[in-house]
Amino acid sequence: MAERAHLDWFRERIALSRAIEPKDPAALLAWLGALRSAIRFKAELIGLDDVRGWSRDDKGNVRHKTGQFFGIEGVRIESGDLREVASWDQPIYTQPEGGILALLARETAADGVQFLLNGKAEPGNIGTIQFSPTIQSTWSNIRRAHAGKRPPMVEVLNAETGVRFVYRAEHNEEGGRFWRKSNENIIAFLDDESAIETDMKMFCWASLSQIKELALMDNLVSPFVKTILAPL
């Protein structure tokens, strides 16, 4: 069952916000364009045998050397008459645990309710950077299995005061590619923005109206943003 103690209250704040919140996404598009021009991020396809830190086991399944993150295994499906064919085999991502997909929100007198979007670079993105959730991280990353930096903004979810959870619920990831994986989807409202410790360089505030306009444009908004906002 989803946690939703503040959901009705937040829906009321959004309804009142529509009268004053910015509608035009031009400033957000300019911000994204400047970010794309300023970053260094290069991705190219290479052979699986050349991928550092990953290897095949004796069954041919692909694993990370830490045993964390995801794996690639095979799955055999018997579908009867439910699908286009009665049975098939395919590779599928397996992961012992999911992660967190969260949007932080605030309300200001001038701009109403806003959501904090992350300009996130992913290797498969068209355009490299897309407007993504405030927090988008697997538990392996949160535990720093990669030995790198802590995922940005996760400190807010652990704040003892100044944050209230609008809702949180487990959502199944796309089952045609992932084996029984779910992510915890969260909207958290900031009563006190001092809970944020992360550098804001890769983040921007956007109204719901602006996000809806961005979602009508090609390859700009992560599908995770739309999923998190759906219960509103």
# chains A, B, ... in the order shown; residues from 1 in each chain; ligands from 1
>>> select_by_dssp(residues="stretch 27-167 of chain A", states="helix (DSSP H, G or I)", output="number ranges by chain")
A: 27-38, 48-50, 139-142, 154-157
>>> write_last_selection(atoms="N, CA and C atoms", output="PDB file, in the first residue's frame")
ATOM      1  N   ALA A  27      12.860  28.970 -20.520  1.00  0.00           N
ATOM      2  CA  ALA A  27      14.017  29.105 -19.623  1.00  0.00           C
ATOM      3  C   ALA A  27      14.644  27.745 -19.325  1.00  0.00           C
ATOM      4  N   LEU A  28      13.821  26.717 -19.203  1.00  0.00           N
ATOM      5  CA  LEU A  28      14.343  25.369 -18.948  1.00  0.00           C
ATOM      6  C   LEU A  28      15.094  24.835 -20.163  1.00  0.00           C
ATOM      7  N   LEU A  29      14.585  25.103 -21.353  1.00  0.00           N
ATOM      8  CA  LEU A  29      15.263  24.671 -22.576  1.00  0.00           C
ATOM      9  C   LEU A  29      16.615  25.378 -22.717  1.00  0.00           C
ATOM     10  N   ALA A  30      16.660  26.651 -22.370  1.00  0.00           N
ATOM     11  CA  ALA A  30      17.925  27.385 -22.425  1.00  0.00           C
ATOM     12  C   ALA A  30      18.916  26.809 -21.418  1.00  0.00           C
ATOM     13  N   TRP A  31      18.420  26.496 -20.229  1.00  0.00           N
ATOM     14  CA  TRP A  31      19.277  25.889 -19.193  1.00  0.00           C
ATOM     15  C   TRP A  31      19.840  24.554 -19.675  1.00  0.00           C
ATOM     16  N   LEU A  32      18.987  23.728 -20.280  1.00  0.00           N
ATOM     17  CA  LEU A  32      19.434  22.419 -20.768  1.00  0.00           C
ATOM     18  C   LEU A  32      20.454  22.580 -21.894  1.00  0.00           C
ATOM     19  N   GLY A  33      20.195  23.521 -22.811  1.00  0.00           N
ATOM     20  CA  GLY A  33      21.134  23.746 -23.904  1.00  0.00           C
ATOM     21  C   GLY A  33      22.501  24.161 -23.404  1.00  0.00           C
ATOM     22  N   ALA A  34      22.528  25.051 -22.424  1.00  0.00           N
ATOM     23  CA  ALA A  34      23.806  25.487 -21.856  1.00  0.00           C
ATOM     24  C   ALA A  34      24.520  24.335 -21.159  1.00  0.00           C
ATOM     25  N   LEU A  35      23.766  23.495 -20.470  1.00  0.00           N
ATOM     26  CA  LEU A  35      24.350  22.353 -19.768  1.00  0.00           C
ATOM     27  C   LEU A  35      24.951  21.363 -20.763  1.00  0.00           C
ATOM     28  N   ARG A  36      24.219  21.074 -21.830  1.00  0.00           N
ATOM     29  CA  ARG A  36      24.720  20.146 -22.842  1.00  0.00           C
ATOM     30  C   ARG A  36      26.005  20.653 -23.480  1.00  0.00           C
ATOM     31  N   SER A  37      26.117  21.970 -23.635  1.00  0.00           N
ATOM     32  CA  SER A  37      27.315  22.547 -24.263  1.00  0.00           C
ATOM     33  C   SER A  37      28.511  22.536 -23.323  1.00  0.00           C
ATOM     34  N   ALA A  38      28.244  22.546 -22.019  1.00  0.00           N
ATOM     35  CA  ALA A  38      29.316  22.705 -21.038  1.00  0.00           C
ATOM     36  C   ALA A  38      29.915  21.385 -20.560  1.00  0.00           C
ATOM     37  N   LEU A  48      31.100  -6.721 -25.681  1.00  0.00           N
ATOM     38  CA  LEU A  48      30.942  -7.125 -24.281  1.00  0.00           C
ATOM     39  C   LEU A  48      32.246  -7.649 -23.686  1.00  0.00           C
ATOM     40  N   ASP A  49      33.075  -8.296 -24.492  1.00  0.00           N
ATOM     41  CA  ASP A  49      34.337  -8.827 -23.985  1.00  0.00           C
ATOM     42  C   ASP A  49      35.308  -7.728 -23.593  1.00  0.00           C
ATOM     43  N   ASP A  50      35.044  -6.499 -24.036  1.00  0.00           N
ATOM     44  CA  ASP A  50      35.936  -5.376 -23.726  1.00  0.00           C
ATOM     45  C   ASP A  50      35.439  -4.523 -22.570  1.00  0.00           C
ATOM     46  N   TRP A 139      20.016   0.775  -5.437  1.00  0.00           N
ATOM     47  CA  TRP A 139      20.566   0.623  -4.093  1.00  0.00           C
ATOM     48  C   TRP A 139      22.060   0.315  -4.146  1.00  0.00           C
ATOM     49  N   SER A 140      22.520  -0.335  -5.203  1.00  0.00           N
ATOM     50  CA  SER A 140      23.959  -0.580  -5.350  1.00  0.00           C
ATOM     51  C   SER A 140      24.717   0.736  -5.430  1.00  0.00           C
ATOM     52  N   ASN A 141      24.175   1.695  -6.170  1.00  0.00           N
ATOM     53  CA  ASN A 141      24.825   3.003  -6.261  1.00  0.00           C
ATOM     54  C   ASN A 141      24.757   3.756  -4.930  1.00  0.00           C
ATOM     55  N   ILE A 142      23.611   3.660  -4.263  1.00  0.00           N
ATOM     56  CA  ILE A 142      23.470   4.340  -2.977  1.00  0.00           C
ATOM     57  C   ILE A 142      24.486   3.799  -1.968  1.00  0.00           C
ATOM     58  N   VAL A 154      20.319  12.184  -2.208  1.00  0.00           N
ATOM     59  CA  VAL A 154      19.775  11.124  -1.344  1.00  0.00           C
ATOM     60  C   VAL A 154      19.757  11.551   0.121  1.00  0.00           C
ATOM     61  N   GLU A 155      20.560  12.568   0.454  1.00  0.00           N
ATOM     62  CA  GLU A 155      20.569  13.039   1.834  1.00  0.00           C
ATOM     63  C   GLU A 155      19.206  13.580   2.266  1.00  0.00           C
ATOM     64  N   VAL A 156      18.439  14.092   1.300  1.00  0.00           N
ATOM     65  CA  VAL A 156      17.143  14.681   1.630  1.00  0.00           C
ATOM     66  C   VAL A 156      16.187  13.621   2.170  1.00  0.00           C
ATOM     67  N   LEU A 157      16.259  12.420   1.612  1.00  0.00           N
ATOM     68  CA  LEU A 157      15.350  11.358   2.037  1.00  0.00           C
ATOM     69  C   LEU A 157      15.646  10.880   3.457  1.00  0.00           C
TER      70      LEU A 157
END
>>> residues_around(residues="A:Asp24", least_positions_apart="3", cutoff="10 Å", atoms="only C-alpha atoms", output="PDB file with N, CA and C atoms, in the first residue's frame")
ATOM      1  N   GLU A  21       1.668  29.558 -11.686  1.00  0.00           N
ATOM      2  CA  GLU A  21       2.917  28.895 -12.047  1.00  0.00           C
ATOM      3  C   GLU A  21       3.319  29.196 -13.489  1.00  0.00           C
ATOM      4  N   ALA A  27      12.860  28.970 -20.520  1.00  0.00           N
ATOM      5  CA  ALA A  27      14.017  29.105 -19.623  1.00  0.00           C
ATOM      6  C   ALA A  27      14.644  27.745 -19.325  1.00  0.00           C
ATOM      7  N   LEU A  28      13.821  26.717 -19.203  1.00  0.00           N
ATOM      8  CA  LEU A  28      14.343  25.369 -18.948  1.00  0.00           C
ATOM      9  C   LEU A  28      15.094  24.835 -20.163  1.00  0.00           C
ATOM     10  N   LEU A  29      14.585  25.103 -21.353  1.00  0.00           N
ATOM     11  CA  LEU A  29      15.263  24.671 -22.576  1.00  0.00           C
ATOM     12  C   LEU A  29      16.615  25.378 -22.717  1.00  0.00           C
ATOM     13  N   SER A 207       7.748  23.926 -12.977  1.00  0.00           N
ATOM     14  CA  SER A 207       6.341  23.730 -12.606  1.00  0.00           C
ATOM     15  C   SER A 207       5.778  22.519 -13.342  1.00  0.00           C
ATOM     16  N   SER A 209       3.126  22.556 -15.147  1.00  0.00           N
ATOM     17  CA  SER A 209       2.761  23.020 -16.486  1.00  0.00           C
ATOM     18  C   SER A 209       3.963  23.008 -17.427  1.00  0.00           C
ATOM     19  N   GLN A 210       5.108  23.432 -16.939  1.00  0.00           N
ATOM     20  CA  GLN A 210       6.313  23.412 -17.770  1.00  0.00           C
ATOM     21  C   GLN A 210       6.733  21.989 -18.121  1.00  0.00           C
ATOM     22  N   ILE A 211       6.634  21.085 -17.153  1.00  0.00           N
ATOM     23  CA  ILE A 211       7.000  19.688 -17.411  1.00  0.00           C
ATOM     24  C   ILE A 211       6.079  19.090 -18.466  1.00  0.00           C
ATOM     25  N   GLU A 213       4.633  20.674 -20.888  1.00  0.00           N
ATOM     26  CA  GLU A 213       5.041  21.208 -22.185  1.00  0.00           C
ATOM     27  C   GLU A 213       6.309  20.508 -22.681  1.00  0.00           C
ATOM     28  N   LEU A 214       7.263  20.281 -21.795  1.00  0.00           N
ATOM     29  CA  LEU A 214       8.492  19.580 -22.175  1.00  0.00           C
ATOM     30  C   LEU A 214       8.213  18.161 -22.636  1.00  0.00           C
TER      31      LEU A 214
END
>>> closest_residue(among="A:Gly112, A:Gly162, A:Gly124, A:Gly60", to="A:Phe41", atoms="only C-alpha atoms")
A:Gly124
>>> select_by_dssp(residues="chain A", states="strand (DSSP E or B)", output="NGL selection string")
:A and (3 or 54-56 or 62-64 or 71-78 or 87-94 or 99-108 or 112-121 or 129-132 or 135-138 or 163-172 or 178-179 or 182-190 or 203-206 or 221)
>>> write_last_selection(atoms="C-alpha atoms", output="JSON list (two decimals), in the first residue's frame")
[["chain", "number", "residue", "atom", "x", "y", "z"],
["A", 3, "GLU", "CA", 2.25, 5.94, 1.74],
["A", 54, "TRP", "CA", 32.11, -7.36, -16.19],
["A", 55, "SER", "CA", 32.49, -11.01, -17.18],
["A", 56, "ARG", "CA", 30.55, -14.14, -18.12],
["A", 62, "VAL", "CA", 26.98, -11.49, -17.53],
["A", 63, "ARG", "CA", 27.86, -10.23, -14.03],
["A", 64, "HIS", "CA", 29.68, -7.31, -12.44],
["A", 71, "GLY", "CA", 23.13, -9.12, -14.55],
["A", 72, "ILE", "CA", 22.12, -10.42, -17.95],
["A", 73, "GLU", "CA", 20.60, -13.89, -17.99],
["A", 74, "GLY", "CA", 18.31, -15.88, -20.24],
["A", 75, "VAL", "CA", 14.60, -16.44, -19.73],
["A", 76, "ARG", "CA", 12.28, -18.97, -21.43],
["A", 77, "ILE", "CA", 8.63, -17.96, -21.75],
["A", 78, "GLU", "CA", 5.57, -20.14, -22.36],
["A", 87, "SER", "CA", 6.90, -19.39, -26.53],
["A", 88, "TRP", "CA", 10.27, -17.71, -26.88],
["A", 89, "ASP", "CA", 13.70, -17.25, -25.28],
["A", 90, "GLN", "CA", 15.42, -13.93, -24.67],
["A", 91, "PRO", "CA", 18.10, -12.24, -22.58],
["A", 92, "ILE", "CA", 16.74, -10.28, -19.60],
["A", 93, "TYR", "CA", 18.23, -7.96, -16.99],
["A", 94, "THR", "CA", 18.26, -9.42, -13.48],
["A", 99, "GLY", "CA", 16.26, 1.52, -6.46],
["A", 100, "ILE", "CA", 14.75, 4.91, -5.79],
["A", 101, "LEU", "CA", 13.05, 7.28, -8.22],
["A", 102, "ALA", "CA", 12.13, 10.51, -6.46],
["A", 103, "LEU", "CA", 11.02, 14.04, -7.20],
["A", 104, "LEU", "CA", 11.51, 16.77, -4.63],
["A", 105, "ALA", "CA", 8.92, 19.55, -4.58],
["A", 106, "ARG", "CA", 8.57, 22.99, -3.05],
["A", 107, "GLU", "CA", 6.10, 25.88, -3.13],
["A", 108, "THR", "CA", 6.96, 29.55, -3.51],
["A", 112, "GLY", "CA", 3.62, 28.07, -6.93],
["A", 113, "VAL", "CA", 4.49, 24.37, -6.75],
["A", 114, "GLN", "CA", 7.74, 23.34, -8.41],
["A", 115, "PHE", "CA", 9.57, 20.06, -8.93],
["A", 116, "LEU", "CA", 13.34, 19.65, -8.86],
["A", 117, "LEU", "CA", 14.60, 18.08, -12.09],
["A", 118, "ASN", "CA", 18.07, 16.65, -12.62],
["A", 119, "GLY", "CA", 19.90, 17.21, -15.89],
["A", 120, "LYS", "CA", 21.12, 13.62, -16.01],
["A", 121, "ALA", "CA", 23.56, 12.19, -18.52],
["A", 129, "ILE", "CA", 21.24, 14.92, -20.99],
["A", 130, "GLN", "CA", 17.53, 14.64, -20.26],
["A", 131, "PHE", "CA", 15.28, 16.15, -17.60],
["A", 132, "SER", "CA", 15.24, 13.33, -15.05],
["A", 135, "ILE", "CA", 16.94, 11.12, -7.46],
["A", 136, "GLN", "CA", 17.40, 8.16, -9.80],
["A", 137, "SER", "CA", 19.59, 5.53, -8.24],
["A", 138, "THR", "CA", 19.86, 1.81, -7.61],
["A", 163, "VAL", "CA", 10.66, 16.96, 4.52],
["A", 164, "ARG", "CA", 7.26, 15.29, 4.20],
["A", 165, "PHE", "CA", 6.51, 12.41, 1.89],
["A", 166, "VAL", "CA", 3.57, 13.08, -0.42],
["A", 167, "TYR", "CA", 3.54, 9.48, -1.54],
["A", 168, "ARG", "CA", 5.86, 6.53, -1.94],
["A", 169, "ALA", "CA", 5.03, 3.26, -3.69],
["A", 170, "GLU", "CA", 6.77, 0.39, -5.45],
["A", 171, "HIS", "CA", 6.38, 0.44, -9.24],
["A", 172, "ASN", "CA", 7.31, -2.51, -11.43],
["A", 178, "PHE", "CA", 13.82, -6.55, -16.31],
["A", 179, "TRP", "CA", 13.15, -9.70, -14.27],
["A", 182, "SER", "CA", 10.58, -2.67, -8.88],
["A", 183, "ASN", "CA", 11.63, 0.82, -7.88],
["A", 184, "GLU", "CA", 10.33, 2.91, -5.01],
["A", 185, "ASN", "CA", 8.70, 5.98, -6.53],
["A", 186, "ILE", "CA", 8.58, 9.00, -4.23],
["A", 187, "ILE", "CA", 7.43, 12.60, -4.15],
["A", 188, "ALA", "CA", 8.87, 14.46, -1.16],
["A", 189, "PHE", "CA", 7.85, 18.02, -0.30],
["A", 190, "LEU", "CA", 10.49, 20.34, 1.12],
["A", 203, "PHE", "CA", 19.37, 20.72, -11.10],
["A", 204, "CYS", "CA", 16.55, 23.11, -11.99],
["A", 205, "TRP", "CA", 13.07, 23.84, -10.63],
["A", 206, "ALA", "CA", 10.09, 23.37, -12.98],
["A", 221, "VAL", "CA", 11.97, 14.23, -20.42]]
>>> atom_distance(atom1="atom CA of A:Trp9", atom2="atom CA of A:Leu208")
16.0 Å
>>> closest_residue(among="A:Met153, A:Ile126, A:Leu232, A:Ala159", to="A:Asp199", atoms="only C-alpha atoms")
A:Met153
